[in-house]
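Trainee: I'm passing along upload.cif; it holds mmCIF, N, CA and C atoms.
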data_data
loop_
_atom_site.group_PDB
_atom_site.id
_atom_site.type_symbol
_atom_site.label_atom_id
_atom_site.label_comp_id
_atom_site.auth_asym_id
_atom_site.auth_seq_id
_atom_site.Cartn_x
_atom_site.Cartn_y
_atom_site.Cartn_z
ATOM 1 N N MET A 14 -11.592 21.816 -21.792
ATOM 2 C CA MET A 14 -10.427 21.009 -22.065
ATOM 3 C C MET A 14 -10.152 21.047 -23.563
ATOM 4 N N GLN A 15 -8.932 21.348 -23.923
ATOM 5 C CA GLN A 15 -8.551 21.430 -25.324
ATOM 6 C C GLN A 15 -8.076 20.066 -25.820
ATOM 7 N N ALA A 16 -8.563 19.666 -26.982
ATOM 8 C CA ALA A 16 -8.206 18.368 -27.542
ATOM 9 C C ALA A 16 -6.710 18.253 -27.804
ATOM 10 N N ALA A 17 -6.046 19.359 -28.122
ATOM 11 C CA ALA A 17 -4.612 19.326 -28.427
ATOM 12 C C ALA A 17 -3.777 18.905 -27.220
ATOM 13 N N ARG A 18 -4.285 19.091 -26.024
ATOM 14 C CA ARG A 18 -3.548 18.699 -24.816
ATOM 15 C C ARG A 18 -3.606 17.198 -24.560
ATOM 16 N N LEU A 19 -4.589 16.525 -25.126
ATOM 17 C CA LEU A 19 -4.748 15.085 -24.925
ATOM 18 C C LEU A 19 -3.889 14.348 -25.947
ATOM 19 N N ARG A 20 -2.595 14.260 -25.685
ATOM 20 C CA ARG A 20 -1.698 13.694 -26.677
ATOM 21 C C ARG A 20 -0.965 12.436 -26.220
ATOM 22 N N THR A 21 -1.322 11.923 -25.055
ATOM 23 C CA THR A 21 -0.698 10.705 -24.554
ATOM 24 C C THR A 21 -1.733 9.595 -24.521
ATOM 25 N N ARG A 22 -1.392 8.464 -25.103
ATOM 26 C CA ARG A 22 -2.311 7.321 -25.133
ATOM 27 C C ARG A 22 -1.931 6.375 -23.996
ATOM 28 N N VAL A 23 -2.904 6.039 -23.149
ATOM 29 C CA VAL A 23 -2.664 5.127 -22.032
ATOM 30 C C VAL A 23 -3.716 4.027 -22.037
ATOM 31 N N ALA A 24 -3.385 2.932 -21.396
ATOM 32 C CA ALA A 24 -4.340 1.837 -21.202
ATOM 33 C C ALA A 24 -4.726 1.820 -19.730
ATOM 34 N N ILE A 25 -5.995 1.612 -19.450
ATOM 35 C CA ILE A 25 -6.453 1.516 -18.072
ATOM 36 C C ILE A 25 -6.928 0.092 -17.839
ATOM 37 N N GLN A 26 -6.432 -0.485 -16.745
ATOM 38 C CA GLN A 26 -6.714 -1.880 -16.422
ATOM 39 C C GLN A 26 -7.340 -1.977 -15.035
ATOM 40 N N ARG A 27 -8.149 -2.999 -14.847
ATOM 41 C CA ARG A 27 -8.752 -3.294 -13.541
ATOM 42 C C ARG A 27 -8.248 -4.664 -13.089
ATOM 43 N N PRO A 28 -7.660 -4.750 -11.897
ATOM 44 C CA PRO A 28 -7.168 -6.043 -11.424
ATOM 45 C C PRO A 28 -8.323 -7.002 -11.128
ATOM 46 N N THR A 29 -8.068 -8.278 -11.332
ATOM 47 C CA THR A 29 -9.045 -9.311 -10.988
ATOM 48 C C THR A 29 -8.472 -10.142 -9.848
ATOM 49 N N TYR A 30 -9.341 -10.697 -9.043
ATOM 50 C CA TYR A 30 -8.907 -11.465 -7.878
ATOM 51 C C TYR A 30 -9.599 -12.811 -7.851
ATOM 52 N N THR A 31 -8.889 -13.795 -7.351
ATOM 53 C CA THR A 31 -9.445 -15.125 -7.149
ATOM 54 C C THR A 31 -9.137 -15.537 -5.709
ATOM 55 N N THR A 32 -9.704 -16.628 -5.299
ATOM 56 C CA THR A 32 -9.450 -17.147 -3.960
ATOM 57 C C THR A 32 -8.471 -18.301 -4.068
ATOM 58 N N GLY A 33 -7.401 -18.248 -3.268
ATOM 59 C CA GLY A 33 -6.387 -19.296 -3.269
ATOM 60 C C GLY A 33 -6.836 -20.511 -2.483
ATOM 61 N N THR A 34 -5.967 -21.494 -2.411
ATOM 62 C CA THR A 34 -6.294 -22.761 -1.733
ATOM 63 C C THR A 34 -6.498 -22.589 -0.231
ATOM 64 N N MET A 35 -5.886 -21.582 0.356
ATOM 65 C CA MET A 35 -6.023 -21.336 1.792
ATOM 66 C C MET A 35 -7.072 -20.263 2.088
ATOM 67 N N GLY A 36 -7.818 -19.852 1.071
ATOM 68 C CA GLY A 36 -8.850 -18.846 1.249
ATOM 69 C C GLY A 36 -8.342 -17.416 1.112
ATOM 70 N N GLU A 37 -7.060 -17.264 0.767
ATOM 71 C CA GLU A 37 -6.488 -15.928 0.615
ATOM 72 C C GLU A 37 -6.883 -15.325 -0.725
ATOM 73 N N ARG A 38 -6.807 -14.037 -0.790
ATOM 74 C CA ARG A 38 -7.137 -13.309 -2.017
ATOM 75 C C ARG A 38 -5.887 -13.235 -2.888
ATOM 76 N N VAL A 39 -5.981 -13.737 -4.127
ATOM 77 C CA VAL A 39 -4.849 -13.789 -5.048
ATOM 78 C C VAL A 39 -5.161 -12.909 -6.253
ATOM 79 N N GLU A 40 -4.238 -12.002 -6.574
ATOM 80 C CA GLU A 40 -4.445 -11.133 -7.734
ATOM 81 C C GLU A 40 -4.174 -11.906 -9.014
ATOM 82 N N GLY A 41 -5.109 -11.800 -9.953
ATOM 83 C CA GLY A 41 -4.974 -12.480 -11.231
ATOM 84 C C GLY A 41 -4.541 -11.522 -12.325
ATOM 85 N N THR A 42 -4.776 -11.903 -13.559
ATOM 86 C CA THR A 42 -4.434 -11.077 -14.707
ATOM 87 C C THR A 42 -5.396 -9.888 -14.796
ATOM 88 N N PRO A 43 -4.869 -8.646 -14.936
ATOM 89 C CA PRO A 43 -5.759 -7.481 -15.023
ATOM 90 C C PRO A 43 -6.621 -7.507 -16.289
ATOM 91 N N THR A 44 -7.824 -6.949 -16.177
ATOM 92 C CA THR A 44 -8.741 -6.835 -17.299
ATOM 93 C C THR A 44 -8.623 -5.430 -17.885
ATOM 94 N N ALA A 45 -8.518 -5.338 -19.194
ATOM 95 C CA ALA A 45 -8.403 -4.036 -19.858
ATOM 96 C C ALA A 45 -9.763 -3.340 -19.875
ATOM 97 N N ILE A 46 -9.800 -2.109 -19.394
ATOM 98 C CA ILE A 46 -11.013 -1.301 -19.458
ATOM 99 C C ILE A 46 -11.066 -0.578 -20.795
ATOM 100 N N GLY A 47 -9.911 -0.098 -21.230
ATOM 101 C CA GLY A 47 -9.860 0.596 -22.510
ATOM 102 C C GLY A 47 -8.574 1.373 -22.679
ATOM 103 N N SER A 48 -8.459 2.002 -23.831
ATOM 104 C CA SER A 48 -7.312 2.826 -24.172
ATOM 105 C C SER A 48 -7.840 4.245 -24.409
ATOM 106 N N PHE A 49 -7.197 5.245 -23.791
ATOM 107 C CA PHE A 49 -7.729 6.599 -23.805
ATOM 108 C C PHE A 49 -6.634 7.619 -24.073
ATOM 109 N N TRP A 50 -7.030 8.753 -24.667
ATOM 110 C CA TRP A 50 -6.134 9.890 -24.844
ATOM 111 C C TRP A 50 -6.225 10.740 -23.585
ATOM 112 N N VAL A 51 -5.070 11.080 -23.006
ATOM 113 C CA VAL A 51 -5.033 11.830 -21.752
ATOM 114 C C VAL A 51 -3.939 12.893 -21.797
ATOM 115 N N GLU A 52 -3.971 13.756 -20.796
ATOM 116 C CA GLU A 52 -2.887 14.705 -20.559
ATOM 117 C C GLU A 52 -2.240 14.310 -19.237
ATOM 118 N N MET A 53 -0.949 14.001 -19.271
ATOM 119 C CA MET A 53 -0.207 13.599 -18.077
ATOM 120 C C MET A 53 0.431 14.844 -17.466
ATOM 121 N N LEU A 54 0.154 15.091 -16.203
ATOM 122 C CA LEU A 54 0.715 16.244 -15.502
ATOM 123 C C LEU A 54 1.447 15.761 -14.263
ATOM 124 N N ALA A 55 2.752 15.986 -14.209
ATOM 125 C CA ALA A 55 3.521 15.656 -13.013
ATOM 126 C C ALA A 55 3.262 16.746 -11.980
ATOM 127 N N LEU A 56 2.905 16.334 -10.780
ATOM 128 C CA LEU A 56 2.670 17.303 -9.714
ATOM 129 C C LEU A 56 3.999 17.864 -9.251
ATOM 130 N N LYS A 57 4.039 19.168 -8.998
ATOM 131 C CA LYS A 57 5.269 19.784 -8.516
ATOM 132 C C LYS A 57 4.934 21.021 -7.701
ATOM 133 N N GLY A 58 5.868 21.431 -6.882
ATOM 134 C CA GLY A 58 5.726 22.645 -6.096
ATOM 135 C C GLY A 58 4.571 22.602 -5.119
ATOM 136 N N ARG A 59 3.859 23.702 -5.056
ATOM 137 C CA ARG A 59 2.760 23.846 -4.102
ATOM 138 C C ARG A 59 1.623 22.868 -4.383
ATOM 139 N N GLU A 60 1.388 22.581 -5.680
ATOM 140 C CA GLU A 60 0.337 21.623 -6.053
ATOM 141 C C GLU A 60 0.659 20.240 -5.505
ATOM 142 N N LEU A 61 1.935 19.822 -5.604
ATOM 143 C CA LEU A 61 2.369 18.533 -5.066
ATOM 144 C C LEU A 61 2.174 18.505 -3.559
ATOM 145 N N GLU A 62 2.570 19.564 -2.891
ATOM 146 C CA GLU A 62 2.449 19.635 -1.435
ATOM 147 C C GLU A 62 0.989 19.549 -0.998
ATOM 148 N N THR A 63 0.112 20.251 -1.712
ATOM 149 C CA THR A 63 -1.314 20.231 -1.390
ATOM 150 C C THR A 63 -1.910 18.845 -1.590
ATOM 151 N N MET A 64 -1.604 18.214 -2.710
ATOM 152 C CA MET A 64 -2.136 16.874 -2.991
ATOM 153 C C MET A 64 -1.615 15.851 -1.985
ATOM 154 N N GLN A 65 -0.362 15.979 -1.582
ATOM 155 C CA GLN A 65 0.220 14.996 -0.672
ATOM 156 C C GLN A 65 -0.326 15.120 0.747
ATOM 157 N N GLN A 66 -1.004 16.208 1.060
ATOM 158 C CA GLN A 66 -1.654 16.300 2.360
ATOM 159 C C GLN A 66 -2.822 15.322 2.443
ATOM 160 N N THR A 67 -3.431 15.031 1.303
ATOM 161 C CA THR A 67 -4.529 14.071 1.261
ATOM 162 C C THR A 67 -4.046 12.691 0.839
ATOM 163 N N TRP A 68 -3.207 12.631 -0.207
ATOM 164 C CA TRP A 68 -2.699 11.366 -0.726
ATOM 165 C C TRP A 68 -1.179 11.443 -0.689
ATOM 166 N N ALA A 69 -0.578 10.812 0.295
ATOM 167 C CA ALA A 69 0.861 10.958 0.549
ATOM 168 C C ALA A 69 1.737 10.575 -0.635
ATOM 169 N N GLU A 70 1.291 9.630 -1.449
ATOM 170 C CA GLU A 70 2.125 9.144 -2.535
ATOM 171 C C GLU A 70 1.748 9.717 -3.898
ATOM 172 N N ALA A 71 0.869 10.699 -3.942
ATOM 173 C CA ALA A 71 0.419 11.271 -5.217
ATOM 174 C C ALA A 71 1.589 11.894 -5.967
ATOM 175 N N ARG A 72 1.713 11.585 -7.263
ATOM 176 C CA ARG A 72 2.787 12.130 -8.083
ATOM 177 C C ARG A 72 2.298 12.694 -9.416
ATOM 178 N N PHE A 73 1.146 12.215 -9.906
ATOM 179 C CA PHE A 73 0.652 12.620 -11.216
ATOM 180 C C PHE A 73 -0.838 12.941 -11.163
ATOM 181 N N THR A 74 -1.256 13.864 -12.023
ATOM 182 C CA THR A 74 -2.667 14.069 -12.322
ATOM 183 C C THR A 74 -2.843 13.702 -13.786
ATOM 184 N N VAL A 75 -3.796 12.843 -14.061
ATOM 185 C CA VAL A 75 -4.099 12.422 -15.429
ATOM 186 C C VAL A 75 -5.444 13.042 -15.789
ATOM 187 N N ARG A 76 -5.422 13.965 -16.746
ATOM 188 C CA ARG A 76 -6.653 14.635 -17.184
ATOM 189 C C ARG A 76 -7.172 13.954 -18.439
ATOM 190 N N MET A 77 -8.482 13.723 -18.465
ATOM 191 C CA MET A 77 -9.092 13.079 -19.629
ATOM 192 C C MET A 77 -10.534 13.532 -19.748
ATOM 193 N N ARG A 78 -11.099 13.294 -20.909
ATOM 194 C CA ARG A 78 -12.519 13.564 -21.098
ATOM 195 C C ARG A 78 -13.327 12.557 -20.287
ATOM 196 N N HIS A 79 -14.496 12.987 -19.856
ATOM 197 C CA HIS A 79 -15.400 12.085 -19.139
ATOM 198 C C HIS A 79 -15.814 10.967 -20.092
ATOM 199 N N GLN A 80 -15.763 9.756 -19.631
ATOM 200 C CA GLN A 80 -16.108 8.598 -20.455
ATOM 201 C C GLN A 80 -17.486 8.088 -20.024
ATOM 202 N N HIS A 81 -18.500 8.384 -20.825
ATOM 203 C CA HIS A 81 -19.856 7.951 -20.487
ATOM 204 C C HIS A 81 -19.947 6.437 -20.570
ATOM 205 N N GLY A 82 -20.506 5.830 -19.548
ATOM 206 C CA GLY A 82 -20.646 4.385 -19.508
ATOM 207 C C GLY A 82 -19.435 3.668 -18.925
ATOM 208 N N VAL A 83 -18.372 4.402 -18.593
ATOM 209 C CA VAL A 83 -17.171 3.797 -18.005
ATOM 210 C C VAL A 83 -16.977 4.404 -16.618
ATOM 211 N N THR A 84 -16.862 3.556 -15.612
ATOM 212 C CA THR A 84 -16.637 4.013 -14.250
ATOM 213 C C THR A 84 -15.239 3.608 -13.824
ATOM 214 N N PHE A 85 -14.461 4.555 -13.360
ATOM 215 C CA PHE A 85 -13.111 4.270 -12.894
ATOM 216 C C PHE A 85 -13.130 4.119 -11.381
ATOM 217 N N GLN A 86 -12.297 3.189 -10.886
ATOM 218 C CA GLN A 86 -12.235 2.912 -9.459
ATOM 219 C C GLN A 86 -10.829 3.189 -8.937
ATOM 220 N N ARG A 87 -10.720 3.300 -7.640
ATOM 221 C CA ARG A 87 -9.415 3.539 -7.031
ATOM 222 C C ARG A 87 -8.464 2.360 -7.183
ATOM 223 N N SER A 88 -8.975 1.193 -7.452
ATOM 224 C CA SER A 88 -8.107 0.017 -7.614
ATOM 225 C C SER A 88 -7.575 -0.121 -9.043
ATOM 226 N N ASP A 89 -8.055 0.711 -9.977
ATOM 227 C CA ASP A 89 -7.626 0.612 -11.378
ATOM 228 C C ASP A 89 -6.181 1.078 -11.532
ATOM 229 N N ARG A 90 -5.574 0.649 -12.632
ATOM 230 C CA ARG A 90 -4.197 1.010 -12.944
ATOM 231 C C ARG A 90 -4.116 1.625 -14.329
ATOM 232 N N ILE A 91 -3.138 2.509 -14.485
ATOM 233 C CA ILE A 91 -2.873 3.121 -15.780
ATOM 234 C C ILE A 91 -1.524 2.605 -16.259
ATOM 235 N N VAL A 92 -1.489 2.073 -17.480
ATOM 236 C CA VAL A 92 -0.234 1.636 -18.085
ATOM 237 C C VAL A 92 0.163 2.703 -19.089
ATOM 238 N N TRP A 93 1.298 3.335 -18.826
ATOM 239 C CA TRP A 93 1.802 4.463 -19.610
ATOM 240 C C TRP A 93 3.195 4.100 -20.072
ATOM 241 N N GLY A 94 3.294 3.514 -21.263
ATOM 242 C CA GLY A 94 4.580 3.023 -21.758
ATOM 243 C C GLY A 94 5.072 1.912 -20.851
ATOM 244 N N SER A 95 6.261 2.089 -20.269
ATOM 245 C CA SER A 95 6.816 1.076 -19.368
ATOM 246 C C SER A 95 6.472 1.364 -17.909
ATOM 247 N N ARG A 96 5.718 2.428 -17.651
ATOM 248 C CA ARG A 96 5.362 2.813 -16.293
ATOM 249 C C ARG A 96 3.945 2.375 -15.955
ATOM 250 N N THR A 97 3.730 2.080 -14.675
ATOM 251 C CA THR A 97 2.404 1.714 -14.191
ATOM 252 C C THR A 97 2.045 2.643 -13.044
ATOM 253 N N LEU A 98 0.831 3.196 -13.113
ATOM 254 C CA LEU A 98 0.352 4.120 -12.096
ATOM 255 C C LEU A 98 -0.890 3.552 -11.433
ATOM 256 N N ASP A 99 -0.980 3.666 -10.116
ATOM 257 C CA ASP A 99 -2.185 3.311 -9.369
ATOM 258 C C ASP A 99 -3.048 4.553 -9.240
ATOM 259 N N ILE A 100 -4.342 4.405 -9.454
ATOM 260 C CA ILE A 100 -5.257 5.519 -9.269
ATOM 261 C C ILE A 100 -5.609 5.587 -7.780
ATOM 262 N N VAL A 101 -5.356 6.750 -7.163
ATOM 263 C CA VAL A 101 -5.688 6.913 -5.747
ATOM 264 C C VAL A 101 -6.967 7.728 -5.556
ATOM 265 N N ASP A 102 -7.380 8.482 -6.573
ATOM 266 C CA ASP A 102 -8.642 9.208 -6.488
ATOM 267 C C ASP A 102 -9.114 9.604 -7.880
ATOM 268 N N VAL A 103 -10.422 9.716 -8.033
ATOM 269 C CA VAL A 103 -11.051 10.135 -9.288
ATOM 270 C C VAL A 103 -11.889 11.371 -8.985
ATOM 271 N N GLU A 104 -11.631 12.472 -9.717
ATOM 272 C CA GLU A 104 -12.348 13.721 -9.484
ATOM 273 C C GLU A 104 -13.035 14.200 -10.759
ATOM 274 N N ASP A 105 -14.224 14.741 -10.605
ATOM 275 C CA ASP A 105 -14.918 15.459 -11.673
ATOM 276 C C ASP A 105 -14.881 16.922 -11.243
ATOM 277 N N PRO A 106 -13.889 17.706 -11.710
ATOM 278 C CA PRO A 106 -13.622 19.017 -11.123
ATOM 279 C C PRO A 106 -14.780 20.008 -11.131
ATOM 280 N N ASP A 107 -15.580 20.053 -12.178
ATOM 281 C CA ASP A 107 -16.677 21.019 -12.206
ATOM 282 C C ASP A 107 -18.050 20.359 -12.063
ATOM 283 N N GLN A 108 -18.082 19.064 -11.798
ATOM 284 C CA GLN A 108 -19.327 18.303 -11.599
ATOM 285 C C GLN A 108 -20.274 18.389 -12.787
ATOM 286 N N ARG A 109 -19.710 18.580 -13.995
ATOM 287 C CA ARG A 109 -20.540 18.678 -15.199
ATOM 288 C C ARG A 109 -20.346 17.495 -16.134
ATOM 289 N N LYS A 110 -19.576 16.501 -15.707
ATOM 290 C CA LYS A 110 -19.307 15.293 -16.488
ATOM 291 C C LYS A 110 -18.714 15.620 -17.854
ATOM 292 N N ARG A 111 -17.731 16.542 -17.840
ATOM 293 C CA ARG A 111 -17.032 16.884 -19.074
ATOM 294 C C ARG A 111 -15.592 16.397 -19.050
ATOM 295 N N GLU A 112 -14.977 16.392 -17.874
ATOM 296 C CA GLU A 112 -13.608 15.904 -17.769
ATOM 297 C C GLU A 112 -13.412 15.216 -16.432
ATOM 298 N N LEU A 113 -12.373 14.390 -16.369
ATOM 299 C CA LEU A 113 -12.004 13.684 -15.146
ATOM 300 C C LEU A 113 -10.546 13.959 -14.835
ATOM 301 N N ASN A 114 -10.235 14.064 -13.565
ATOM 302 C CA ASN A 114 -8.859 14.116 -13.102
ATOM 303 C C ASN A 114 -8.616 12.869 -12.269
ATOM 304 N N LEU A 115 -7.641 12.085 -12.683
ATOM 305 C CA LEU A 115 -7.262 10.892 -11.942
ATOM 306 C C LEU A 115 -5.971 11.204 -11.202
ATOM 307 N N ILE A 116 -5.998 11.147 -9.880
ATOM 308 C CA ILE A 116 -4.806 11.391 -9.074
ATOM 309 C C ILE A 116 -4.118 10.040 -8.922
ATOM 310 N N CYS A 117 -2.819 9.989 -9.279
ATOM 311 C CA CYS A 117 -2.120 8.702 -9.355
ATOM 312 C C CYS A 117 -0.784 8.714 -8.629
ATOM 313 N N ARG A 118 -0.354 7.522 -8.258
ATOM 314 C CA ARG A 118 0.991 7.308 -7.733
ATOM 315 C C ARG A 118 1.657 6.261 -8.605
ATOM 316 N N GLU A 119 2.952 6.353 -8.724
ATOM 317 C CA GLU A 119 3.687 5.413 -9.568
ATOM 318 C C GLU A 119 4.029 4.156 -8.780
ATOM 319 N N ILE A 120 3.862 3.011 -9.431
ATOM 320 C CA ILE A 120 4.232 1.728 -8.829
ATOM 321 C C ILE A 120 5.690 1.471 -9.235
ATOM 322 N N VAL A 121 6.545 1.335 -8.250
ATOM 323 C CA VAL A 121 7.948 1.077 -8.510
ATOM 324 C C VAL A 121 8.212 -0.395 -8.253
ATOM 325 N N ALA A 122 8.648 -1.098 -9.294
ATOM 326 C CA ALA A 122 8.873 -2.544 -9.163
ATOM 327 C C ALA A 122 10.265 -2.857 -8.679
#
Could you take the file, read its structure, and then write that structure out as structure tokens?
Mentor:
Amino acid sequence: MQAARLRTRVAIQRPTYTTGTMGERVEGTPTAIGSFWVEMLALKGRELETMQQTWAEARFTVRMRHQHGVTFQRSDRIVWGSRTLDIVDVEDPDQRKRELNLICREIVA
């Protein structure tokens, strides 16, 4: 992975949950995991079609360096300017803990 490609700064957040008065699960204020340099890749063409066979709403791949000591979950969110992306999968493409690919879908408000 070339450092020059990591030119977009994003914040990654983890949602927190509490229990409501009726015992329901209520989403609270997200907790910031950190701010990272990433490469944002919009899926298109055959790559989009292939990804959507597994994750129907996949629209972006976010490439980043492996973050030692930080574990990303499928419930985490990426804040990219005014856009918010849900992480639908986390991949370590070569299993060498050098880079991560986060497969994401955009949350439309």
Trainee: Find the distance between CA of Thr31 (chain A) and CA of Ile46 (chain A) and write it in Å to one decimal.
Mentor: 18.6 Å
Trainee: With the PyMOL selection byres (((chain A and resi 48 and name CA) around 12) and name CA) as the selection, what would be picked from this file? Answer as an mmCIF file with N, CA and C atoms, in the frame of the given file, please.
Mentor:
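Saved as result-v6.cif:
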data_model
loop_
_atom_site.group_PDB
_atom_site.id
_atom_site.type_symbol
_atom_site.label_atom_id
_atom_site.label_comp_id
_atom_site.auth_asym_id
_atom_site.auth_seq_id
_atom_site.Cartn_x
_atom_site.Cartn_y
_atom_site.Cartn_z
ATOM 1 N N THR A 21 -1.322 11.923 -25.055
ATOM 2 C CA THR A 21 -0.698 10.705 -24.554
ATOM 3 C C THR A 21 -1.733 9.595 -24.521
ATOM 4 N N ARG A 22 -1.392 8.464 -25.103
ATOM 5 C CA ARG A 22 -2.311 7.321 -25.133
ATOM 6 C C ARG A 22 -1.931 6.375 -23.996
ATOM 7 N N VAL A 23 -2.904 6.039 -23.149
ATOM 8 C CA VAL A 23 -2.664 5.127 -22.032
ATOM 9 C C VAL A 23 -3.716 4.027 -22.037
ATOM 10 N N ALA A 24 -3.385 2.932 -21.396
ATOM 11 C CA ALA A 24 -4.340 1.837 -21.202
ATOM 12 C C ALA A 24 -4.726 1.820 -19.730
ATOM 13 N N ILE A 25 -5.995 1.612 -19.450
ATOM 14 C CA ILE A 25 -6.453 1.516 -18.072
ATOM 15 C C ILE A 25 -6.928 0.092 -17.839
ATOM 16 N N GLN A 26 -6.432 -0.485 -16.745
ATOM 17 C CA GLN A 26 -6.714 -1.880 -16.422
ATOM 18 C C GLN A 26 -7.340 -1.977 -15.035
ATOM 19 N N THR A 44 -7.824 -6.949 -16.177
ATOM 20 C CA THR A 44 -8.741 -6.835 -17.299
ATOM 21 C C THR A 44 -8.623 -5.430 -17.885
ATOM 22 N N ALA A 45 -8.518 -5.338 -19.194
ATOM 23 C CA ALA A 45 -8.403 -4.036 -19.858
ATOM 24 C C ALA A 45 -9.763 -3.340 -19.875
ATOM 25 N N ILE A 46 -9.800 -2.109 -19.394
ATOM 26 C CA ILE A 46 -11.013 -1.301 -19.458
ATOM 27 C C ILE A 46 -11.066 -0.578 -20.795
ATOM 28 N N GLY A 47 -9.911 -0.098 -21.230
ATOM 29 C CA GLY A 47 -9.860 0.596 -22.510
ATOM 30 C C GLY A 47 -8.574 1.373 -22.679
ATOM 31 N N PHE A 49 -7.197 5.245 -23.791
ATOM 32 C CA PHE A 49 -7.729 6.599 -23.805
ATOM 33 C C PHE A 49 -6.634 7.619 -24.073
ATOM 34 N N TRP A 50 -7.030 8.753 -24.667
ATOM 35 C CA TRP A 50 -6.134 9.890 -24.844
ATOM 36 C C TRP A 50 -6.225 10.740 -23.585
ATOM 37 N N VAL A 51 -5.070 11.080 -23.006
ATOM 38 C CA VAL A 51 -5.033 11.830 -21.752
ATOM 39 C C VAL A 51 -3.939 12.893 -21.797
ATOM 40 N N MET A 77 -8.482 13.723 -18.465
ATOM 41 C CA MET A 77 -9.092 13.079 -19.629
ATOM 42 C C MET A 77 -10.534 13.532 -19.748
ATOM 43 N N GLN A 80 -15.763 9.756 -19.631
ATOM 44 C CA GLN A 80 -16.108 8.598 -20.455
ATOM 45 C C GLN A 80 -17.486 8.088 -20.024
ATOM 46 N N VAL A 83 -18.372 4.402 -18.593
ATOM 47 C CA VAL A 83 -17.171 3.797 -18.005
ATOM 48 C C VAL A 83 -16.977 4.404 -16.618
ATOM 49 N N ARG A 90 -5.574 0.649 -12.632
ATOM 50 C CA ARG A 90 -4.197 1.010 -12.944
ATOM 51 C C ARG A 90 -4.116 1.625 -14.329
ATOM 52 N N ILE A 91 -3.138 2.509 -14.485
ATOM 53 C CA ILE A 91 -2.873 3.121 -15.780
ATOM 54 C C ILE A 91 -1.524 2.605 -16.259
ATOM 55 N N VAL A 92 -1.489 2.073 -17.480
ATOM 56 C CA VAL A 92 -0.234 1.636 -18.085
ATOM 57 C C VAL A 92 0.163 2.703 -19.089
ATOM 58 N N TRP A 93 1.298 3.335 -18.826
ATOM 59 C CA TRP A 93 1.802 4.463 -19.610
ATOM 60 C C TRP A 93 3.195 4.100 -20.072
#
Trainee: Between atom N of Arg87 (chain A) and CA of Ile100 (chain A), what is the spacing in Å?
Mentor: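 Distance reported for this atom pair: 6.1 Å.
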Trainee: Kindly indicate which residue among A:Thr97, A:Ser88, A:Gln15, A:Thr29 lies nearest to Gly41 (chain A), using all atoms listed in the file for the distances.
Mentor: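 For Gly41 (chain A), the nearest of the candidates is A:Thr29.
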Trainee: Translate the PyMOL selection byres (((chain A and resi 105 and name CA) around 10) and name CA) into a concrete residue list for this structure, as a JSON list (two decimals) with N, CA and C atoms, in the frame of the given file.
Mentor:
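Written file, selection.json:
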[["chain", "number", "residue", "atom", "x", "y", "z"],
["A", 76, "ARG", "N", -5.42, 13.96, -16.75],
["A", 76, "ARG", "CA", -6.65, 14.64, -17.18],
["A", 76, "ARG", "C", -7.17, 13.95, -18.44],
["A", 78, "ARG", "N", -11.10, 13.29, -20.91],
["A", 78, "ARG", "CA", -12.52, 13.56, -21.10],
["A", 78, "ARG", "C", -13.33, 12.56, -20.29],
["A", 79, "HIS", "N", -14.50, 12.99, -19.86],
["A", 79, "HIS", "CA", -15.40, 12.08, -19.14],
["A", 79, "HIS", "C", -15.81, 10.97, -20.09],
["A", 103, "VAL", "N", -10.42, 9.72, -8.03],
["A", 103, "VAL", "CA", -11.05, 10.14, -9.29],
["A", 103, "VAL", "C", -11.89, 11.37, -8.98],
["A", 104, "GLU", "N", -11.63, 12.47, -9.72],
["A", 104, "GLU", "CA", -12.35, 13.72, -9.48],
["A", 104, "GLU", "C", -13.04, 14.20, -10.76],
["A", 106, "PRO", "N", -13.89, 17.71, -11.71],
["A", 106, "PRO", "CA", -13.62, 19.02, -11.12],
["A", 106, "PRO", "C", -14.78, 20.01, -11.13],
["A", 107, "ASP", "N", -15.58, 20.05, -12.18],
["A", 107, "ASP", "CA", -16.68, 21.02, -12.21],
["A", 107, "ASP", "C", -18.05, 20.36, -12.06],
["A", 108, "GLN", "N", -18.08, 19.06, -11.80],
["A", 108, "GLN", "CA", -19.33, 18.30, -11.60],
["A", 108, "GLN", "C", -20.27, 18.39, -12.79],
["A", 109, "ARG", "N", -19.71, 18.58, -14.00],
["A", 109, "ARG", "CA", -20.54, 18.68, -15.20],
["A", 109, "ARG", "C", -20.35, 17.50, -16.13],
["A", 110, "LYS", "N", -19.58, 16.50, -15.71],
["A", 110, "LYS", "CA", -19.31, 15.29, -16.49],
["A", 110, "LYS", "C", -18.71, 15.62, -17.85],
["A", 111, "ARG", "N", -17.73, 16.54, -17.84],
["A", 111, "ARG", "CA", -17.03, 16.88, -19.07],
["A", 111, "ARG", "C", -15.59, 16.40, -19.05],
["A", 112, "GLU", "N", -14.98, 16.39, -17.87],
["A", 112, "GLU", "CA", -13.61, 15.90, -17.77],
["A", 112, "GLU", "C", -13.41, 15.22, -16.43],
["A", 113, "LEU", "N", -12.37, 14.39, -16.37],
["A", 113, "LEU", "CA", -12.00, 13.68, -15.15],
["A", 113, "LEU", "C", -10.55, 13.96, -14.84],
["A", 114, "ASN", "N", -10.24, 14.06, -13.56],
["A", 114, "ASN", "CA", -8.86, 14.12, -13.10],
["A", 114, "ASN", "C", -8.62, 12.87, -12.27],
["A", 115, "LEU", "N", -7.64, 12.08, -12.68],
["A", 115, "LEU", "CA", -7.26, 10.89, -11.94],
["A", 115, "LEU", "C", -5.97, 11.20, -11.20]]
Trainee: Of the candidates A:Arg118, A:His81, A:Arg27, A:Arg38, which shows the shortest atom-to-atom distance to Leu98 (chain A), using only C-alpha atoms?
Mentor: A:Arg118
Trainee: Extract the full set of strand (DSSP E or B) residues from region 25-112 of chain A according to DSSP on the backbone, and format it as number ranges by chain.
Mentor: A: 25-27, 30-32, 38-40, 44-55, 73-78, 90-93, 96-104, 112
Trainee: Which is closest to Asp102 (chain A) among A:Met53, A:Glu37, A:Arg72, A:Gly82, if we use only C-alpha atoms?
Mentor: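 For Asp102 (chain A), the nearest of the given residues is A:Arg72.
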Trainee: Using Å and a single decimal, report how far atom C of Gly94 (chain A) sits from atom C of Val75 (chain A).
Mentor: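 Pair atom C of Val75 (chain A) / atom C of Gly94 (chain A) returns 16.1 Å.
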